[in-house]
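Working notes, beginning with the structure itself.
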Amino acid sequence: MSKLLYRLGKTAYDKPWYFIMGWILVLGIVGTALGINGVHVSSDIKLEGTASQNVLDKLEKELPQASGGQGSVIFNIPEGERLDTPENLAAISKAVSEVYKLDYVINPAELAAASGADASAMQQQASQSAAGAGEQSAAGAGEQSADPSNLPPYGALMIEGMPVPGVLISNAGDVALFQFQFTVQQNSLPKGVTDSVVNAVSEAEQGTNISVLPSDSLKEVGIPIGTNEIYGLVIAAIVLFMTLGSVVAAGLPIVIALFGVAAGVGGAFAVSNFVTMTSFTPVLALMIGLAVGIDYALFIVNRQRRLIFDQNLNAREAASRAVGTAGSAVFFAGLTVIIALCGMLVIGITFLSMMAIVASVTVLFSVLIALTLLPALLGLLGERICSRKAREKNQANAHKKSNGFANRWISGVVKFRWLVIVAVIVVLGTAAIPVAKMELGMPSGATANLDTTARQSYDAITKGFGEGFNGPLLIVAEPTDASQTVSLQTLGAIAQELQQFEHVSVVTPAGVSEDGKMAILSLIPDSGPTDAATKQLVEELRSPDSTIATNHDMKLGVTGLTAVNIDMSAKLAEVFPVYIGIIVILSLVILLLVFRSILVPIKATIGFLLSILATFGLTTAVFQWGWAKALFDFDTGGPLLSFIPIMVTGILYGLAMDYQVFLVSSMRESYVHGNRGNQSVMNGYQMASRVVVAAAIIMVSVFAGFIFTHDIMIKQIGFALALGILIDAFVVRMALVPAVMSLFGDKAWWLPKWLDRSLPNLDVEGDKLIAELNAKEK
């Protein structure tokens with residue numbers, strides 16, 4: 001491997017414009033495709049094979065009018081005023097009418113007509129269900145309570161004795177909820193449809209004191225990237241300059257990283273018209289692409305400068321050898337990241353698979369660019385990569401014995417290795433304690449910042465109607481016997497029995513399919529979308545032993561955003577052990593090949609487990625419990641993203657192995673060249689620690705730049721990745737790893753002879769390459 005990369009580096013150095021123009025051509029193709037196809041991102045998350053997705057797929061086939069996405073709008077009025085005055089009623093009614101006139105929007109009457117049901121009967125049944133929502137008596141279906149306190153604190157918004165379709169108003173008269181349905185899911189709506197809805201409802205504000213709060217579902221999907229990410233790049237540039245001591249040398253890794261993300265992320269956007277891509281897919285690729293692109297280029301440039309200073313090589317030979325040696329480590333480090341990311345493909349969830357593919361391709365581009373474009377740019381710079389002043393300073397300091405911080409640190413770690421090992425385990429174990437209380441879910445208006453319309457809308461709905469209205473469930477009832485049909489009477493009986501379930505606020509029949517094989521109901525829980533009570537309710541409704549299933553010979557399906565989120569958490573928890581097993585086994589094989597050691601891969605994996613548990617523990621404390629929430633610019637704690645454990649584990653595992661490869665390969669290089677015991681550990685550490693620390697600071701800075709975005713999903717991912725790298729690089733790799741390596745000494749490199757003979761020698765340290773070059777020089 002090192003010989004191949006050495007020749008590649010020398011060719012790129014000698015013929016730089018071939019490689020530079022080649023990569024410019026690649027970017028040109030990506031840019032052209034991007035211009036032709038445009039950028040298409042979605043908020044839609046499909047979970048193939050889950051109960052909620054199966055119901056949605058069936059609805060789309062049998063009753064497409066009921067499978068569309070739902071939108072909601074809150075009409076609010078200042079305290080002391082009411083919405084049901086003539087002028088306010090007129091404004092709301094006009095706004096609602098304008099929405100129902102829009103393409104891709106349907107109203108309940110149209111849905112009932114499309115399903116073959118009698119509209120007046122459906123409306124009567126819906127009214128009966130709403131009226132009985134607060135009834136707690138077990139007297140029987142259809143019986144109404146005489147106690148007004150048992151009735152729900154809302155009702156239909158009435159104008160001249162007629163209800164406004166889809167609008168409820170609180171008894172206090174200060175909040176009205178308008179819920180409506182699109183004919184298709186939001187991600188399938190043509191551009192501008194949701195803007196038209198918002199514009200229509202906003203007309204109610206004209207000439208009144210009404211404030212209109214559209215839900216998040218009515219916002220155009222955008223890419224949650226702002227200017228905060230630039231701060232990470234600025235810090236990276238400063239660290240590069242301090243590490244390399246040259247503006248020119250410091251600029252190269254940033255150029256390489258930008259080329260990599262332009263090719264990877266730009267390519268993803270270019271094909272987004274043909275595949276479903278969530279809005280945070282390119283953001284994840286941008287995070288990883290910037291971090292690894294800068295780091296990989298830094299390792300190669302730093303190795304070239306070391307060869308120039310330490311061995312007095314010219315820039316051409318130093319660049320070629322740097323690509324052959326450090327480039328080998330870059331190749332296998334990148335391969336480990338790609339394997340960790342591609343492990344997500346076994347989960348079988350499309351949006352996660354797309355995220356993994358896009359991020360993996362971006363990492364692949366970063367590796368290829370570091371191994372080809374970087375030596376080409378070094379060829380253009382020539383000897384200017386190291387200034388005369390830097391060379392003179394290095395020569396002046398060459399005879400001085402190293403007594404810097406790195407030397408003092410590693411000496412202390414080796415001397416007090418047992419204390420270091422115990423301290424790291426105790427500290428990281430303590431930080432991991434909150435993991436036991438970690439809750440998973442999807443972000444909602446309940447956890448949005450107080451000054452956002454999403455939070456204000458959520459709070460207004462909760463105040464006027466109950467928290468459950470923020471997460472309605474869609475119930476689909478089908479006869480167990482395929483020859484049977486569902487009558488309106490049966491539908492009414494089902495609605496009344498559903499009303500008796502614990503934690504149910506209101507049940508509203510929505511329609512029956514034309515062939516009568518499927519009935520649809522809307523169910524509002526009395527608990528919030530992320531509450532344990534709601535999850536329990538969904539499980540009870542789906543149970544084949546429920547009273548409805550047995551009394552009416554029916555099977556119930558439950559879907560809706562709340563049910564989808566519940567299913568997502570369950571499926572991700574189910575596949576997580578399989579995912580971890582796959583990436584750990586594959587990565588152990590790679591590390592075994594790279595280090596030719598049994599102990600080193602096992603030690604690396606155990607160290608990673610400590611860092612990932614501590615990362616999730618502290619992430620739980622911050623985003624779920626709200627520790628230091630003001631520092632990270634959010635108001636309310638809530639569950640962690642359902643896919644954070646899998647995503648962050650995969651990414652951090654790959655990146656942690658990067659540092660393992662770069663640090664321990666230096667120790668092995670020292671061992672191969674004759675140093676033994678603690679001396680190989682200390683020499684290897686001193687060679688690699690400076691650049692590994694710089695690389696870790698850069699990666700933490702890039703990820704941390706995403707913490708201060710407004711999107712809570714990106715905020716949580718950025719925090720977990722930045723914290724994970726911080727812990728793994730500075731606690732595990734810089735302290736625990738050398739302490740354990742010192743503890744085992746030369747036994748750390750033990751490999752059974754039969755296995756040693758069987759494994760191919762990848763020559764990551766470039767030992768064979770250097771021997772061959774030295775032989776030629778003689």
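We name chains A, B, ... following the order of the structure tokens; residues begin at 1 in each chain, and ligands are numbered from 1 as shown.
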Applying 9 Å and only C-alpha atoms, which residues near segment 685-701 of chain A remain after dropping the ones on its own chain fewer than 6 positions away? List them as a PyMOL selection string.
chain A and resi 229+231-237+239-240+242-243+287-288+290-292+294-296+298-299+302+406-407+410+659+662-667+721-726+729-730+734+738
So that I have them on file, write out the residues from the current selection with C-alpha atoms, as a JSON list (two decimals), in the first residue's frame.
```json
[["chain", "number", "residue", "atom", "x", "y", "z"],
["A", 229, "GLU", "CA", -20.55, 26.99, 11.08],
["A", 231, "TYR", "CA", -16.75, 30.07, 13.35],
["A", 232, "GLY", "CA", -15.62, 26.45, 13.41],
["A", 233, "LEU", "CA", -13.65, 26.99, 10.21],
["A", 234, "VAL", "CA", -12.04, 30.15, 11.63],
["A", 235, "ILE", "CA", -10.89, 28.24, 14.73],
["A", 236, "ALA", "CA", -9.65, 25.45, 12.47],
["A", 237, "ALA", "CA", -7.59, 27.93, 10.46],
["A", 239, "VAL", "CA", -5.12, 25.89, 14.93],
["A", 240, "LEU", "CA", -3.65, 24.93, 11.54],
["A", 242, "MET", "CA", -0.26, 27.40, 15.05],
["A", 243, "THR", "CA", 0.50, 23.76, 14.22],
["A", 287, "MET", "CA", -20.03, 18.16, 9.25],
["A", 288, "ILE", "CA", -18.07, 15.00, 8.59],
["A", 290, "LEU", "CA", -15.13, 19.35, 6.75],
["A", 291, "ALA", "CA", -13.75, 17.57, 9.82],
["A", 292, "VAL", "CA", -12.08, 14.60, 8.14],
["A", 294, "ILE", "CA", -9.04, 19.06, 7.24],
["A", 295, "ASP", "CA", -7.64, 16.33, 9.47],
["A", 296, "TYR", "CA", -6.46, 14.03, 6.68],
["A", 298, "LEU", "CA", -3.15, 18.02, 8.10],
["A", 299, "PHE", "CA", -1.62, 14.60, 8.77],
["A", 302, "ASN", "CA", 2.63, 17.68, 8.82],
["A", 406, "ALA", "CA", 4.02, 16.58, 25.37],
["A", 407, "ASN", "CA", 7.19, 15.08, 26.84],
["A", 410, "ILE", "CA", 3.64, 11.27, 28.42],
["A", 659, "TYR", "CA", -6.96, 8.97, 16.14],
["A", 662, "PHE", "CA", -2.58, 7.96, 13.72],
["A", 663, "LEU", "CA", -1.40, 7.73, 17.34],
["A", 664, "VAL", "CA", -0.74, 4.00, 17.68],
["A", 665, "SER", "CA", 0.74, 3.67, 14.18],
["A", 666, "SER", "CA", 3.42, 6.13, 15.35],
["A", 667, "MET", "CA", 4.06, 3.94, 18.40],
["A", 721, "LEU", "CA", -20.16, 14.68, 18.02],
["A", 722, "ALA", "CA", -18.10, 17.59, 19.41],
["A", 723, "LEU", "CA", -18.28, 16.22, 22.95],
["A", 724, "GLY", "CA", -17.56, 12.68, 21.79],
["A", 725, "ILE", "CA", -14.41, 13.73, 19.92],
["A", 726, "LEU", "CA", -13.32, 15.85, 22.88],
["A", 729, "ALA", "CA", -9.25, 12.27, 21.72],
["A", 730, "PHE", "CA", -8.15, 14.00, 24.91],
["A", 734, "MET", "CA", -4.13, 10.95, 24.91],
["A", 738, "PRO", "CA", -0.57, 5.33, 26.27]]
```
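Between Phe616 of chain A and the residues A:Val337, A:Leu640, A:Ile770, A:Val212, the shortest atom-to-atom distance, using only C-alpha atoms, involves A:Leu640.
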Tell me, which residues of segment 203-281 of chain A carry DSSP strand (DSSP E), written as an MDAnalysis selection string?
chainID A and resid 211:214
In Å, rounded to a single decimal, give me how far atom CA of Ser328 of chain A is from atom CA of Tyr6 of chain A.
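Atom CA of Ser328 of chain A lies at a distance of 9.4 Å from atom CA of Tyr6 of chain A.
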